[in-house]
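Here the structure comes first, spelled out in structure tokens, and everything after it is commentary.
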Amino acid sequence: MKRVFLIVLDSVGIGEMPDAAAYGDSGTNTLKAAASSPFFRLPNLAKLGIFNLDGVDWHPDAADFTGRIARMKEASRGKDTTIGHWEIAGIRSPRPLPTYPEGFPEEVMERFCSAVGRGYLCNKPYSGTQVIQDYGDEHVRTGKLIVYTSADSVFQIAAHEDVVPAEELYRICAVAREQLQGEHGVGRVIARPFAGASGSYVRTSGRHDYSLTPPGTTMLDQLSAAGHPVIGVGKIRDIFAGKGITEYVTTAGNEDGIEKTLSYLKKDFDGLCFVNLVDYDMLYGHRRDVDGYARALTYFDERLPELLACLRPDDLLMITADHGCDPSYTRTTDHTREYTPFLMAGPEVKPANLGTRDTFADIAATVLDWFGIVPAFEGKSML
């Protein structure tokens, strides 16, 4: 019985890619930025080899690292969650998903409002926590939806739960998802319910993402078609619009995600457990909180021995990321175009540094190779 536990440390980049300047990201390095904090301690990841990766020349490395490691280059155009995860699963995206720095076109908004029977407020890039403070009162008074975006390819809809109940907000987001295809096919439509009173509005835990359906065959499709369970932990199901996923659980943050991963490590199944730990990106990267980012990485490192101790003879543990989000970069609060780490451990894993890989899709090829499946996409196994 073979199992793979693939954990994405959302946004833990390890240094700018050669084309970073084209994205406005020259000089970015998420891991190095976090390392500047006094709260940064990664002895267990160091033992696996994270500081032995290509380009990580700013921290002492491990003389005898135990993992099979590589620096991953993103072949897709873009630096967002959707494209990054899709490539990890085997799909390269030659064009970036559309973004809207000036807000969505009027024809898009008119069609949306006509379909849902409500007007809108804002329609421009905005901080998700600030937008509800600035537009919340008018929303409560008028019932108009707060629509905003960011530097990512997202169409976000915020609504007070007393004005637009969560289930109604989800229906509205589903309508938006149906409309936003083709030219305006944003990566995600996101429901952002909030609560509270004027001056103290707070987002609730009822966020829900509506992603584009992956445009090709992924390792998830191939595994599930071959009869292997594909378990999504965190926002994995949302990112892939459920395609290829046979079971999933949501999470309330990194700690909950780790606990649920540990619970799957104790279960019998023959397949993949695909995990996203989002707090690095959502709570610390975009908010440019270096110390918070460092604390979150240190926490994962402290829990890593528990994960490793649960591995069975035919298990693989893989740790990677989907893009960067340098918490020290003040030019924007966007993701950053960076290389990502790949660390693989398990009883049968032979330590080696595999240098720099051409695509995240090599991860998907490696997963499929473990199960004896030939990938239906370009990618080379790292076993």
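The chains in the structure tokens are called A, B, ... from first to last as shown; in each chain the residues are counted from 1, and the ligands are counted from 1 in the order shown.
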
Please identify which residues in segment 81-326 of chain A DSSP calls strand (DSSP E) from the backbone, and express them as a PyMOL selection string. chain A and resi 120-125+145-149+154-160+188-195+202-203+208-211+230-233+247-249+271-277+315-320

Kindly save the residues from that selection, with C-alpha atoms included, as a tab-separated table (two decimals), in the first residue's frame.
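Output saved as result39.tsv:
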chain	number	residue	atom	x	y	z
A	120	TYR	CA	-22.26	46.72	-6.50
A	121	LEU	CA	-19.76	48.89	-4.65
A	122	CYS	CA	-16.00	49.43	-5.05
A	123	ASN	CA	-14.87	47.38	-8.11
A	124	LYS	CA	-11.15	48.00	-7.77
A	125	PRO	CA	-8.12	46.36	-6.16
A	145	LEU	CA	-22.45	43.80	-3.00
A	146	ILE	CA	-18.86	44.79	-2.30
A	147	VAL	CA	-16.94	43.60	-5.37
A	148	TYR	CA	-13.17	43.96	-5.41
A	149	THR	CA	-10.04	42.35	-6.79
A	154	VAL	CA	-9.67	37.09	-8.51
A	155	PHE	CA	-13.24	38.39	-8.41
A	156	GLN	CA	-14.07	38.79	-4.72
A	157	ILE	CA	-17.52	39.46	-3.29
A	158	ALA	CA	-17.90	40.62	0.31
A	159	ALA	CA	-21.28	40.75	2.05
A	160	HIS	CA	-22.48	41.06	5.64
A	188	ARG	CA	-10.98	32.33	-8.66
A	189	VAL	CA	-14.27	33.86	-7.60
A	190	ILE	CA	-14.15	34.20	-3.83
A	191	ALA	CA	-17.01	34.57	-1.36
A	192	ARG	CA	-15.97	36.83	1.55
A	193	PRO	CA	-18.72	36.93	4.19
A	194	PHE	CA	-18.25	39.29	7.12
A	195	ALA	CA	-20.03	40.21	10.34
A	202	VAL	CA	-14.65	41.33	10.66
A	203	ARG	CA	-14.41	38.63	8.02
A	208	HIS	CA	-15.39	29.84	-0.28
A	209	ASP	CA	-13.42	29.76	-3.54
A	210	TYR	CA	-14.84	28.98	-6.98
A	211	SER	CA	-11.97	28.12	-9.31
A	230	VAL	CA	-7.00	11.57	-4.00
A	231	ILE	CA	-7.54	13.44	-0.73
A	232	GLY	CA	-7.53	17.24	-0.61
A	233	VAL	CA	-6.72	19.00	2.66
A	247	GLU	CA	-12.29	13.09	-0.74
A	248	TYR	CA	-11.60	16.40	0.94
A	249	VAL	CA	-11.58	18.29	4.23
A	271	GLY	CA	-3.12	7.08	-2.90
A	272	LEU	CA	-2.35	10.79	-2.54
A	273	CYS	CA	-3.03	13.23	0.29
A	274	PHE	CA	-2.55	16.73	-1.17
A	275	VAL	CA	-2.29	19.48	1.47
A	276	ASN	CA	-2.29	23.28	1.30
A	277	LEU	CA	-1.16	25.29	4.33
A	315	ASP	CA	5.22	6.37	2.04
A	316	LEU	CA	6.64	9.56	0.56
A	317	LEU	CA	6.44	12.98	2.18
A	318	MET	CA	6.91	15.89	-0.24
A	319	ILE	CA	7.17	19.55	0.75
A	320	THR	CA	7.01	22.34	-1.81

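For the pair atom CA of Ala345 of chain A and atom CA of Asp270 of chain A, the separation is 17.6 Å.
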
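Distances here use only C-alpha atoms; by that measure, the residue among A:Pro214, A:Pro347, A:Pro327, A:Pro105 closest to Ala294 of chain A is A:Pro327.
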
For Phe269 of chain A, please output as a PyMOL selection string all residues within 9 Å (counting only C-alpha atoms; exclusion window: fewer than 2 positions along the same chain). chain A and resi 1-3+228-229+264+267+271-272

Write out the residues from the selection above, keeping C-alpha atoms, as a tab-separated table (two decimals), in the first residue's frame.
chain	number	residue	atom	x	y	z
A	1	MET	CA	0.00	0.00	0.00
A	2	LYS	CA	1.69	3.18	-1.24
A	3	ARG	CA	0.90	6.69	-0.06
A	228	HIS	CA	-6.34	5.58	-6.11
A	229	PRO	CA	-7.89	7.90	-3.52
A	264	TYR	CA	-4.65	10.83	7.39
A	267	LYS	CA	-5.34	5.89	8.10
A	271	GLY	CA	-3.12	7.08	-2.90
A	272	LEU	CA	-2.35	10.79	-2.54

Separating atom CA of Ala89 of chain A from atom CA of Ser153 of chain A, to the nearest tenth of an Å, is a gap of 19.3 Å

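The nearest approach to Phe300 of chain A among the residues A:Val131, A:Ala22, A:Ala376, A:Leu42, with only C-alpha atoms taken into account, belongs to A:Leu42.
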
Using only C-alpha atoms, which residues sit within 6 Å of Lys144 of chain A once same-chain residues fewer than 4 positions away are excluded, as a PyMOL selection string? chain A and resi 118-120+139

Go ahead and write the residues just picked, N, CA, C and O atoms, as a short mmCIF file (atom, residue, chain, number, x, y, z; two decimals), in the first residue's frame.
data_model
loop_
_atom_site.label_atom_id
_atom_site.label_comp_id
_atom_site.auth_asym_id
_atom_site.auth_seq_id
_atom_site.Cartn_x
_atom_site.Cartn_y
_atom_site.Cartn_z
N ARG A 118 -28.69 42.55 -7.82
CA ARG A 118 -28.14 43.49 -6.84
C ARG A 118 -27.12 44.40 -7.52
O ARG A 118 -26.46 44.01 -8.48
N GLY A 119 -26.96 45.60 -6.99
CA GLY A 119 -25.91 46.49 -7.45
C GLY A 119 -24.59 46.17 -6.78
O GLY A 119 -24.48 45.20 -6.02
N TYR A 120 -23.59 46.99 -7.06
CA TYR A 120 -22.26 46.72 -6.50
C TYR A 120 -21.60 48.00 -6.01
O TYR A 120 -21.96 49.12 -6.42
N HIS A 139 -22.89 49.18 2.18
CA HIS A 139 -23.41 47.86 1.83
C HIS A 139 -24.60 47.50 2.72
O HIS A 139 -25.64 47.04 2.23
#
